[in-house]
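Undergrad: I am sharing start.cif, which consists of mmCIF, C-alpha atoms:
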```cif
data_coords
loop_
_atom_site.label_atom_id
_atom_site.label_comp_id
_atom_site.auth_asym_id
_atom_site.auth_seq_id
_atom_site.Cartn_x
_atom_site.Cartn_y
_atom_site.Cartn_z
CA MET V 238 127.01 127.92 78.46
CA GLU V 239 126.60 131.07 80.55
CA THR V 240 124.70 130.21 83.70
CA ILE V 241 123.76 132.18 86.74
CA ASP V 242 125.77 132.01 89.95
CA PRO V 243 123.18 132.24 92.73
CA PRO V 244 123.74 134.63 95.62
CA ALA V 245 125.40 133.21 98.69
CA SER V 246 122.17 133.59 100.66
CA VAL V 247 120.26 131.29 98.31
CA LEU V 248 120.28 127.73 99.58
CA CYS V 249 120.07 124.94 97.05
CA ARG V 250 120.53 121.21 97.13
CA GLU V 251 120.83 118.41 94.65
CA VAL V 252 118.52 115.42 94.89
CA ARG V 253 118.43 112.21 92.90
CA ASP V 254 115.44 110.22 91.76
CA ARG V 255 115.33 106.44 91.69
CA ARG V 256 116.97 106.36 88.25
CA GLY V 257 119.88 108.54 89.35
CA ARG V 258 118.94 111.78 87.63
CA VAL V 259 120.07 114.88 89.53
CA TYR V 260 117.73 117.81 90.22
CA ARG V 261 118.97 121.11 91.62
CA VAL V 262 116.18 122.51 93.77
CA GLY V 263 115.77 125.38 96.21
CA GLU V 264 116.40 128.37 93.93
CA SER V 265 113.47 130.27 92.48
CA ASP V 266 113.50 132.04 89.16
CA VAL V 267 113.15 135.44 90.85
CA GLU V 268 116.19 134.75 93.04
CA LEU V 269 118.24 133.77 89.98
CA LEU V 270 117.03 136.37 87.50
CA GLY V 271 115.77 139.21 89.62
CA ARG V 272 112.50 138.90 87.70
CA GLY V 273 109.99 136.21 86.77
CA ARG V 274 111.01 133.54 84.28
CA ILE V 275 108.22 134.67 81.98
CA TRP V 276 110.79 137.14 80.66
CA MET V 277 112.73 134.17 79.29
CA VAL V 278 109.73 133.60 77.04
CA VAL V 279 108.91 137.20 76.10
CA LEU V 280 112.47 138.18 75.20
CA PRO V 281 113.20 135.11 73.02
CA TRP V 282 109.87 135.69 71.27
CA VAL V 283 110.97 139.21 70.35
CA GLY V 284 114.30 137.90 69.07
CA MET V 285 112.64 135.12 67.08
CA ALA V 286 110.05 137.43 65.55
CA GLY V 287 112.74 139.94 64.63
CA ILE V 288 115.06 137.51 62.88
CA SER V 289 112.09 135.90 61.15
CA GLY V 290 110.89 139.28 59.94
CA ALA V 291 114.28 139.86 58.35
CA ALA V 292 113.79 136.73 56.23
CA TYR V 293 110.36 137.89 55.10
CA ALA V 294 111.81 141.27 54.18
CA PHE V 295 114.11 139.57 51.67
CA PHE V 296 111.23 137.80 49.92
CA VAL V 297 109.22 141.03 49.82
CA ALA V 298 112.13 143.04 48.40
CA GLN V 299 113.62 140.52 45.97
CA ALA V 300 111.41 141.58 43.04
CA GLY V 301 112.28 145.25 43.50
CA LEU V 302 115.99 144.50 43.78
CA ARG V 303 116.11 143.31 40.19
CA ALA V 304 114.73 146.62 38.95
CA ALA V 305 116.73 148.76 41.37
CA HIS V 306 120.10 147.13 40.61
CA ARG V 307 119.19 145.94 37.11
CA TRP V 308 120.04 142.41 38.19
CA GLY V 309 119.01 139.47 36.09
CA GLY V 310 118.48 135.90 37.10
CA ASP V 311 116.77 134.48 40.13
CA LEU V 312 117.36 135.81 43.62
CA TYR V 313 115.79 132.83 45.35
CA TRP V 314 118.84 130.60 45.33
CA PRO V 315 120.58 132.77 47.99
CA ALA V 316 117.67 131.82 50.25
CA GLY V 317 118.70 128.17 49.82
CA LEU V 318 122.28 129.00 50.75
CA TRP V 319 120.96 131.08 53.65
CA ALA V 320 119.12 128.02 54.98
CA LEU V 321 122.21 125.82 54.62
CA ALA V 322 124.36 128.37 56.47
CA GLN V 323 121.79 128.53 59.24
CA ALA V 324 121.68 124.74 59.60
CA ALA V 325 125.47 124.50 59.61
CA VAL V 326 125.81 127.15 62.31
CA ALA V 327 123.05 125.75 64.53
CA LEU V 328 124.91 122.55 65.45
CA ALA V 329 128.22 124.34 66.08
CA ALA V 330 126.43 127.02 68.11
CA GLY V 331 124.73 124.37 70.22
CA ARG V 332 128.03 122.69 71.03
CA LEU V 333 129.63 126.01 71.95
CA ARG V 334 126.63 127.08 74.00
CA GLU V 335 126.56 123.99 76.18
CA SER V 336 130.34 124.07 76.69
CA GLY V 337 130.18 127.65 78.01
CA ARG V 338 132.35 129.14 75.27
CA LEU V 339 129.41 130.96 73.66
CA PRO V 340 127.15 132.68 76.19
CA ALA V 341 123.60 133.50 75.20
CA ARG V 342 124.32 137.22 75.10
CA ALA V 343 127.35 136.73 72.84
CA ALA V 344 125.36 134.45 70.52
CA MET V 345 122.57 137.02 70.14
CA THR V 346 125.00 139.90 69.60
CA THR V 347 126.96 137.96 66.98
CA GLY V 348 123.72 136.95 65.25
CA ALA V 349 122.59 140.57 65.18
CA LEU V 350 125.87 141.74 63.61
CA GLY V 351 125.75 138.99 60.99
CA THR V 352 122.20 139.95 60.07
CA LEU V 353 123.11 143.62 59.79
CA ALA V 354 126.13 142.87 57.56
CA GLY V 355 124.14 140.59 55.26
CA TYR V 356 121.25 142.97 54.73
CA LEU V 357 123.37 146.06 54.27
CA ALA V 358 125.43 144.22 51.65
CA LEU V 359 122.29 143.16 49.81
CA ALA V 360 120.86 146.67 49.95
CA LEU V 361 123.96 148.69 49.08
CA SER V 362 126.32 146.52 47.07
CA PRO V 363 126.07 147.05 43.28
CA GLU V 364 127.83 143.75 42.56
CA LEU V 365 125.44 140.81 42.33
CA THR V 366 127.64 137.88 43.35
CA LEU V 367 129.17 139.66 46.34
CA ALA V 368 125.77 140.81 47.61
CA ARG V 369 124.29 137.33 47.27
CA LEU V 370 127.15 135.61 49.08
CA ALA V 371 127.32 138.21 51.84
CA PHE V 372 123.60 137.95 52.45
CA ALA V 373 123.50 134.16 52.39
CA VAL V 374 126.53 133.54 54.59
CA CYS V 375 126.36 136.44 57.06
CA ALA V 376 122.61 136.66 57.46
CA GLY V 377 122.26 132.86 57.46
CA ALA V 378 124.87 132.42 60.17
CA GLY V 379 123.27 135.20 62.20
CA ALA V 380 119.83 133.64 61.92
CA GLY V 381 121.22 130.26 62.94
CA LEU V 382 122.74 131.71 66.11
CA VAL V 383 119.53 133.50 67.06
CA HIS V 384 117.24 130.54 66.37
CA ALA V 385 119.46 128.09 68.25
CA THR V 386 119.52 130.39 71.27
CA CYS V 387 115.87 131.51 71.37
CA LEU V 388 114.21 128.14 70.77
CA THR V 389 116.20 126.23 73.40
CA LEU V 390 116.14 128.79 76.21
CA PRO V 391 112.47 128.47 77.36
CA GLY V 392 112.73 124.71 77.85
CA ARG V 393 115.57 125.17 80.33
CA TRP V 394 113.60 127.66 82.41
CA TRP V 395 110.34 125.66 82.28
CA PRO V 396 111.48 122.03 82.63
CA GLU V 397 108.22 120.93 84.24
CA ARG V 398 105.97 122.23 81.40
CA ARG V 399 108.08 123.41 78.53
CA GLY V 400 105.52 122.91 75.76
CA GLY V 401 103.65 126.19 76.20
CA PRO V 402 106.71 128.46 76.50
CA THR V 403 108.45 126.75 73.58
CA GLY V 404 105.30 127.13 71.47
CA VAL V 405 105.02 130.84 72.25
CA VAL V 406 108.62 131.44 71.18
CA ALA V 407 108.19 129.33 68.04
CA SER V 408 105.13 131.39 67.10
CA GLY V 409 107.48 134.30 66.54
CA LEU V 410 108.59 132.61 63.32
CA ALA V 411 105.14 133.25 61.84
CA PHE V 412 104.21 136.51 63.53
CA GLY V 413 107.46 138.10 62.35
CA ALA V 414 105.84 138.29 58.91
CA VAL V 415 102.96 140.54 60.03
CA PRO V 416 104.64 143.93 59.27
CA PHE V 417 105.55 142.71 55.78
CA LEU V 418 101.95 141.94 54.88
CA LEU V 419 101.05 145.64 55.01
CA ARG V 420 100.75 147.45 51.69
CA PRO V 421 103.00 150.45 52.60
CA VAL V 422 105.81 148.06 53.52
CA VAL V 423 105.39 145.96 50.37
CA ASP V 424 105.49 149.07 48.16
CA ALA V 425 108.55 150.59 49.88
CA ASP V 426 111.87 151.01 48.11
CA PRO V 427 113.60 147.60 48.38
CA ARG V 428 117.01 148.97 49.31
CA VAL V 429 115.56 151.17 52.03
CA LEU V 430 113.40 148.30 53.26
CA LEU V 431 116.37 145.93 53.57
CA ALA V 432 118.62 148.51 55.21
CA VAL V 433 115.99 149.62 57.73
CA THR V 434 114.97 146.02 58.48
CA GLY V 435 118.57 144.93 58.98
CA ALA V 436 119.28 147.80 61.35
CA GLY V 437 116.02 147.44 63.28
CA VAL V 438 116.29 143.68 63.64
CA SER V 439 119.89 143.91 64.77
CA LEU V 440 119.00 146.40 67.50
CA ALA V 441 116.05 144.30 68.68
CA VAL V 442 118.01 141.04 68.71
CA ALA V 443 121.08 142.48 70.40
CA GLY V 444 118.97 144.42 72.92
CA THR V 445 116.90 141.44 74.00
CA GLY V 446 119.95 139.21 74.03
CA ARG V 447 121.60 141.39 76.65
CA LEU V 448 119.01 140.14 79.15
CA PHE V 449 119.27 136.44 78.29
CA ARG V 450 120.41 134.12 81.08
CA ASP V 451 120.69 130.36 81.37
CA PRO V 452 119.70 128.61 84.61
CA PRO V 453 122.22 126.48 86.49
CA ARG V 454 122.66 122.95 85.24
CA ASN V 455 120.01 120.50 86.47
CA TRP V 456 117.89 123.40 87.76
CA TRP V 457 114.32 122.61 88.74
CA PRO V 458 111.79 125.14 90.10
CA PRO V 459 110.78 124.87 93.77
CA ARG V 460 107.36 123.58 92.75
CA PRO V 461 106.39 120.93 91.86
CA ASP V 462 108.71 118.62 93.76
CA PRO V 463 110.48 116.40 91.19
CA LEU V 464 110.57 113.41 93.56
CA SER V 465 107.02 113.38 94.91
CA VAL V 466 103.70 112.65 93.26
CA PRO V 467 101.83 115.95 92.65
CA PRO V 468 98.57 116.14 94.64
CA ASP V 469 96.79 118.01 91.84
CA PRO V 470 95.29 115.42 89.44
CA ALA V 471 95.83 117.68 86.40
CA VAL V 472 99.50 118.24 87.23
CA ARG V 473 99.97 114.53 87.95
CA ARG V 474 98.36 113.58 84.65
CA ALA V 475 100.52 116.09 82.76
CA ARG V 476 103.69 114.70 84.31
CA ASP V 477 102.67 111.13 83.51
CA ARG V 478 102.15 112.08 79.87
CA ASN V 479 105.32 114.20 79.64
CA PRO V 480 107.79 112.59 82.06
CA PRO V 481 111.22 114.23 82.39
CA ALA V 482 114.19 112.57 80.75
CA VAL V 483 115.74 109.62 82.53
CA ARG V 484 119.12 111.36 82.35
CA HIS V 485 120.91 114.09 80.44
CA HIS V 486 122.24 112.64 77.19
CA THR V 487 125.18 114.19 75.39
CA LEU V 488 124.90 114.61 71.64
CA ARG V 489 126.95 111.47 71.05
CA GLN V 490 124.79 109.46 73.43
CA ALA V 491 121.59 110.81 71.88
CA ALA V 492 122.85 110.02 68.37
CA ARG V 493 123.17 106.36 69.35
CA SER V 494 119.46 106.22 70.09
CA PRO V 495 117.11 105.43 67.18
CA VAL V 496 114.58 107.83 68.73
CA LEU V 497 116.64 110.87 67.75
CA TRP V 498 116.77 109.80 64.12
CA LEU V 499 113.06 109.06 64.11
CA MET V 500 112.55 112.64 65.33
CA TRP V 501 114.87 113.84 62.56
CA LEU V 502 112.92 111.97 59.89
CA CYS V 503 109.57 113.11 61.28
CA LEU V 504 110.65 116.75 61.27
CA LEU V 505 112.20 116.38 57.81
CA GLY V 506 108.98 114.97 56.40
CA ALA V 507 106.77 117.58 58.07
CA ALA V 508 108.98 120.46 56.92
CA GLY V 509 109.23 119.07 53.39
CA VAL V 510 105.46 118.71 53.09
CA THR V 511 104.90 122.21 54.49
CA VAL V 512 107.36 123.88 52.12
CA LEU V 513 106.18 122.01 49.03
CA ASP V 514 102.50 122.47 49.79
CA LEU V 515 102.73 126.19 50.48
CA VAL V 516 104.68 126.80 47.27
CA LEU V 517 102.10 124.92 45.22
CA GLN V 518 99.20 126.60 46.96
CA VAL V 519 100.69 130.03 46.27
CA ARG V 520 100.54 129.21 42.55
CA TYR V 521 96.90 128.17 42.77
CA ALA V 522 96.09 131.22 44.89
CA GLN V 523 97.44 133.44 42.13
CA ARG V 524 95.17 131.73 39.60
CA LEU V 525 92.14 132.15 41.84
CA GLY V 526 92.95 135.75 42.81
CA LEU V 527 93.64 134.88 46.46
CA SER V 528 97.25 136.10 46.68
CA PRO V 529 96.58 138.71 49.42
CA GLU V 530 94.52 136.33 51.58
CA LEU V 531 96.84 133.32 51.52
CA PRO V 532 99.82 134.86 53.41
CA ARG V 533 97.50 136.25 56.06
CA SER V 534 95.78 132.94 56.72
CA VAL V 535 99.09 131.06 56.76
CA THR V 536 100.68 133.54 59.17
CA ALA V 537 97.73 133.58 61.58
CA ALA V 538 97.33 129.80 61.53
CA GLY V 539 101.03 129.02 61.94
CA GLY V 540 101.62 131.44 64.81
CA THR V 541 98.46 130.52 66.67
CA ALA V 542 98.94 126.77 66.23
CA ALA V 543 102.49 126.85 67.60
CA ALA V 544 101.37 128.50 70.84
CA VAL V 545 98.17 126.46 71.23
CA ALA V 546 99.78 123.12 70.42
CA GLY V 547 102.58 123.74 72.89
CA ALA V 548 100.17 124.56 75.71
CA LEU V 549 97.89 121.66 74.80
CA SER V 550 100.81 119.23 74.81
CA ASP V 551 101.54 120.08 78.45
CA ARG V 552 98.14 118.64 79.35
CA SER V 553 97.48 115.96 76.76
CA GLY V 554 100.99 114.72 76.03
CA ARG V 555 103.39 115.94 73.37
CA ARG V 556 103.48 112.72 71.40
CA SER V 557 99.69 112.58 71.13
CA VAL V 558 99.42 116.17 69.92
CA LEU V 559 102.29 115.62 67.47
CA ILE V 560 100.51 112.59 66.00
CA ALA V 561 97.33 114.64 65.60
CA GLY V 562 99.29 117.43 63.92
CA CYS V 563 100.90 115.03 61.43
CA LEU V 564 97.52 113.50 60.64
CA LEU V 565 96.18 117.00 59.98
CA LEU V 566 99.19 117.71 57.78
CA GLY V 567 98.59 114.65 55.64
CA THR V 568 94.82 115.16 55.42
CA ALA V 569 95.26 118.79 54.36
CA GLN V 570 97.19 117.70 51.28
CA PHE V 571 94.30 115.60 50.02
CA GLY V 572 92.02 118.55 50.67
CA ALA V 573 94.35 120.79 48.67
CA LEU V 574 94.22 118.27 45.82
CA ILE V 575 90.42 118.49 45.81
CA ALA V 576 90.62 122.30 45.92
CA ALA V 577 93.02 122.30 42.95
CA ARG V 578 90.70 120.11 40.89
CA THR V 579 87.50 121.95 41.76
CA GLY V 580 88.90 125.47 41.93
CA SER V 581 87.49 126.06 45.42
CA GLY V 582 89.20 129.10 46.89
CA ALA V 583 87.75 128.67 50.38
CA LEU V 584 88.95 125.06 50.59
CA LEU V 585 92.37 126.09 49.33
CA LEU V 586 92.71 128.75 52.04
CA GLY V 587 91.57 126.29 54.69
CA CYS V 588 94.06 123.65 53.58
CA ALA V 589 96.88 126.22 53.47
CA ALA V 590 96.05 127.31 57.03
CA ALA V 591 95.91 123.68 58.18
CA THR V 592 99.27 122.95 56.56
CA ALA V 593 100.92 125.94 58.22
CA ALA V 594 99.37 125.02 61.58
CA ALA V 595 100.54 121.41 61.34
CA GLY V 596 104.06 122.41 60.27
CA ALA V 597 104.38 124.83 63.19
CA THR V 598 103.06 122.15 65.54
CA ALA V 599 105.70 119.66 64.39
CA LEU V 600 108.55 122.13 64.89
CA THR V 601 107.34 123.16 68.35
CA LEU V 602 106.65 119.70 69.72
CA ILE V 603 109.77 118.00 68.37
CA THR V 604 111.85 120.80 69.91
CA ALA V 605 110.16 120.19 73.26
CA LEU V 606 110.26 116.39 72.87
CA ALA V 607 114.01 116.49 72.33
CA ALA V 608 114.45 118.05 75.77
CA ASP V 609 111.90 115.66 77.29
CA HIS V 610 113.72 112.62 75.94
CA PHE V 611 117.37 113.66 76.18
CA GLY V 612 117.44 116.26 78.97
CA GLU V 613 118.02 120.00 79.11
CA ASN V 614 121.78 120.18 79.73
CA HIS V 615 122.71 119.22 76.17
CA HIS V 616 119.55 120.36 74.45
CA PRO V 617 121.25 123.09 72.35
CA SER V 618 123.47 120.60 70.51
CA VAL V 619 120.66 118.05 70.07
CA HIS V 620 118.42 120.78 68.74
CA GLY V 621 121.22 121.91 66.43
CA LEU V 622 121.23 118.46 64.85
CA LEU V 623 117.46 118.52 64.42
CA THR V 624 117.64 121.99 62.84
CA GLY V 625 119.13 120.42 59.72
CA ALA V 626 115.95 118.42 59.19
CA TRP V 627 113.86 121.57 59.46
CA LEU V 628 115.95 123.69 57.07
CA LEU V 629 117.01 121.10 54.50
CA PRO V 630 113.65 121.23 52.64
CA VAL V 631 113.85 125.05 52.62
CA ALA V 632 117.32 124.91 51.09
CA ILE V 633 116.33 122.35 48.47
CA GLY V 634 113.04 124.03 47.60
CA CYS V 635 114.53 127.52 47.22
CA GLY V 636 117.98 126.69 45.93
CA THR V 637 117.25 124.00 43.34
CA GLY V 638 113.78 124.88 42.10
CA THR V 639 112.40 121.49 43.11
CA ALA V 640 109.05 123.03 43.92
CA GLY V 641 108.91 124.41 40.39
CA TYR V 642 109.35 120.93 38.95
CA ALA V 643 106.66 119.62 41.29
CA ALA V 644 104.29 122.27 39.96
CA ARG V 645 104.36 120.57 36.57
CA ASP V 646 102.47 117.65 38.09
CA PRO V 647 100.76 119.17 41.17
CA HIS V 648 98.27 116.36 41.63
CA ALA V 649 101.02 113.77 42.07
CA ALA V 650 102.88 116.20 44.34
CA PHE V 651 99.84 116.65 46.57
CA LEU V 652 99.34 112.89 46.77
CA LEU V 653 102.99 112.32 47.69
CA ALA V 654 102.84 115.10 50.29
CA GLY V 655 99.69 113.63 51.83
CA CYS V 656 101.22 110.18 52.13
CA THR V 657 104.37 111.69 53.62
CA GLY V 658 102.34 113.52 56.26
CA LEU V 659 100.60 110.31 57.25
CA ALA V 660 103.97 108.53 57.37
CA CYS V 661 105.20 111.21 59.81
CA ALA V 662 102.24 110.36 62.06
CA VAL V 663 103.33 106.71 62.01
CA LEU V 664 106.89 107.68 62.91
CA ALA V 665 105.60 109.78 65.81
CA LEU V 666 104.05 106.65 67.33
CA PHE V 667 107.55 105.35 68.09
CA LEU V 668 108.90 108.49 69.77
CA ARG V 669 109.40 107.12 73.26
CA ALA V 670 112.00 108.35 75.73
CA PRO V 671 115.13 106.18 75.67
CA GLY V 672 115.87 104.30 78.86
CA ARG V 673 112.31 104.48 80.17
CA LEU V 674 110.56 101.14 80.62
CA SER V 675 107.00 100.86 79.44
CA VAL V 676 104.41 99.59 81.89
CA ARG V 677 103.50 96.87 79.44
CA ARG V 678 107.06 95.54 79.51
CA ILE V 679 107.12 95.08 83.28
CA VAL V 680 106.40 91.41 83.94
CA PRO V 681 105.34 90.46 87.49
CA ASN V 682 107.28 87.77 89.32
CA PRO V 683 105.36 84.50 88.79
CA HIS V 684 106.79 83.11 92.07
CA PRO V 685 106.59 85.95 94.61
CA LEU V 686 108.44 85.64 97.90
CA GLY V 687 105.96 84.27 100.47
CA GLU V 688 105.87 84.97 104.16
CA GLU V 689 107.18 81.51 104.95
CA MET V 690 110.26 82.21 102.80
CA ALA V 691 110.93 85.70 104.10
#
```
When written as structure tokens, how does the structure in this file appear?
TA:
Amino acid sequence: METIDPPASVLCREVRDRRGRVYRVGESDVELLGRGRIWMVVLPWVGMAGISGAAYAFFVAQAGLRAAHRWGGDLYWPAGLWALAQAAVALAAGRLRESGRLPARAAMTTGALGTLAGYLALALSPELTLARLAFAVCAGAGAGLVHATCLTLPGRWWPERRGGPTGVVASGLAFGAVPFLLRPVVDADPRVLLAVTGAGVSLAVAGTGRLFRDPPRNWWPPRPDPLSVPPDPAVRRARDRNPPAVRHHTLRQAARSPVLWLMWLCLLGAAGVTVLDLVLQVRYAQRLGLSPELPRSVTAAGGTAAAVAGALSDRSGRRSVLIAGCLLLGTAQFGALIAARTGSGALLLGCAAATAAAGATALTLITALAADHFGENHHPSVHGLLTGAWLLPVAIGCGTGTAGYAARDPHAAFLLAGCTGLACAVLALFLRAPGRLSVRRIVPNPHPLGEEMA
């Protein structure tokens, strides 16, 4: 992983806490970057919004591509292969990133080139199979590189309160759809739309990636002191609810912990419920004449919830906010069932917004929790493993038409989704940092050493 070599004039030291974890202190973000670390939130947000917008461009243009190229069949299965390619690349990219063989700038540049190749092939190639494969493999691999880099970078620069920065970057996944909700963009020629989007996204991703930097290993900002108790009650309470990892776990060490697989299952369930519910609600929105309003409410709710939930988790605890988000996710499915039976458009829009908000909350907080529990040094590879849980429902829903089968019995699907959301909340109860003793498990010595025995 490409890290910054501090100037010779910058003094730093490594300190250890009582558990043996090493903190590198003394270097400020301005001394390392030449600018404030807020740029390591703004720039990844731009990259995330850009690569997300490219995905939305495909879904907007897929109907016009059939008419333009006289293609038959369904163009949604390449989206499933795109998701699989992204999940496959994320883990490999994480391993290369933490080993130093794939710097952040190289990852962003490669992702930009892959996106450009995939979208130009889909826009210009007259041959259906070649265009589909080029889009799915090239654009999917490019998106995987960009997501793996952008989502893990803020947590390394904000180790003391990573929830808010991670949430802001994750909100780019939703806000990248905003340009493609506008009528002039929707009505544009699909080939021109894909070509222009591919070129624009590639320039934005590569340009922002040129300024990406990783902090030194074990880096901690000068304030607050990692070894002392913060005097501010709010900061002290936030640290107690989001304590740093006991040590930095490698991917192999993290995989031996049941907590990682509980995170994986929780994210898998939340993503599956979100994908299934939104597909079903789109069908009902079409029946009720709410097709224009549904994407807008979903986009606004998802983007806002990711940023708000991340900031709230820094104060209230990530596990608590994640549990609340999963409860909201499950409850929204029962509300959607009522809306489907009664034909209430307002309730349907509210449940769709709640589902998008809860899904974005789960992605944001599990990404931050992974760094809280297993450390920042190997977070890219751990996050790469968790990415599969996030993208697997997308691949299955788009590539196999499972959501279409669920639409035949939507009431049962909503009930199953609601129960799954509540089960995710139960799983979140057990997400405790490995190696950290609970206060309840500390048993006092029944025979303390008296003064006469000292």
Undergrad: May I have the residues within 10 Å of Trp282 in chain V as a list in words, using all atoms listed in the file and disregarding those fewer than 3 positions away in the same chain?
TA: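 What passes the distance filter is Trp276, Met277, Val278, Val279, Met285, Ala286, Gly287, Cys387, Leu388, Pro391, Pro402, Thr403, Gly404, Val405, Val406, Ala407, Ser408, Gly409, Leu410, Phe412, Gly413 and Thr445 of chain V.
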Undergrad: What does the PyMOL selection byres ((chain V and resi 653) around 12) select in this file, as a list in words?
TA: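 For this structure, the PyMOL selection byres ((chain V and resi 653) around 12) resolves to Gly506, Gly509, Val510, Leu513, Asp514, Gly567, Thr568, Gln570, Phe571, Leu574, Ala643, Asp646, Pro647, His648, Ala649, Ala650, Phe651, Leu652, Ala654, Gly655, Cys656, Thr657, Gly658, Leu659 and Ala660 of chain V.
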Undergrad: Near Val483 in chain V, within 12 Å and counting only C-alpha atoms, which residues show up once chain neighbours fewer than 6 positions away are dropped, as a ChimeraX atom specification?
TA: /V:253-260,608-613,669-674
Undergrad: As a check of understanding, name the residues that the PyMOL selection byres ((chain V and resi 632) around 7) selects in the supplied structure, as a ChimeraX atom specification.
TA: /V:316-318,320-321,628-631,633-636
Undergrad: Neighbours of Leu586 in chain V within 9 Å (only C-alpha atoms; same-chain residues fewer than 6 positions away dropped), as a list of chain:residue names?
TA: V:Gln518, V:Ala522, V:Leu527, V:Glu530, V:Leu531, V:Ser534, V:Val535, V:Ala573
Undergrad: Save out the residues we just selected, C-alpha atoms, as a tab-separated table (two decimals), in the coordinates of the input.
TA:
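The new file again_38.tsv reads:
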```tsv
chain	number	residue	atom	x	y	z
V	518	GLN	CA	99.20	126.60	46.96
V	522	ALA	CA	96.09	131.22	44.89
V	527	LEU	CA	93.64	134.88	46.46
V	530	GLU	CA	94.52	136.33	51.58
V	531	LEU	CA	96.84	133.32	51.52
V	534	SER	CA	95.78	132.94	56.72
V	535	VAL	CA	99.09	131.06	56.76
V	573	ALA	CA	94.35	120.79	48.67
```
Undergrad: Would you mind listing, for every residue of range 375-415 of chain V within 10 Å of range 322-334 of chain V, the two atoms forming the shortest contact and the distance between them in Å to one decimal, using all atoms listed in the file, sorted by chain and ascending residue number, as CSV?
TA:
```
residue,atom,partner,partner_atom,distance
V:Cys375,CA,V:Ala322,CA,8.3
V:Ala376,CA,V:Gln323,CA,8.4
V:Gly377,CA,V:Gln323,CA,4.7
V:Ala378,CA,V:Gln323,CA,5.0
V:Gly379,CA,V:Gln323,CA,7.4
V:Ala380,CA,V:Gln323,CA,6.1
V:Gly381,CA,V:Gln323,CA,4.1
V:Leu382,CA,V:Ala327,CA,6.2
V:Val383,CA,V:Ala327,CA,8.9
V:His384,CA,V:Ala327,CA,7.8
V:Ala385,CA,V:Ala327,CA,5.7
V:Thr386,CA,V:Gly331,CA,8.0
V:Thr389,CA,V:Gly331,CA,9.3
```
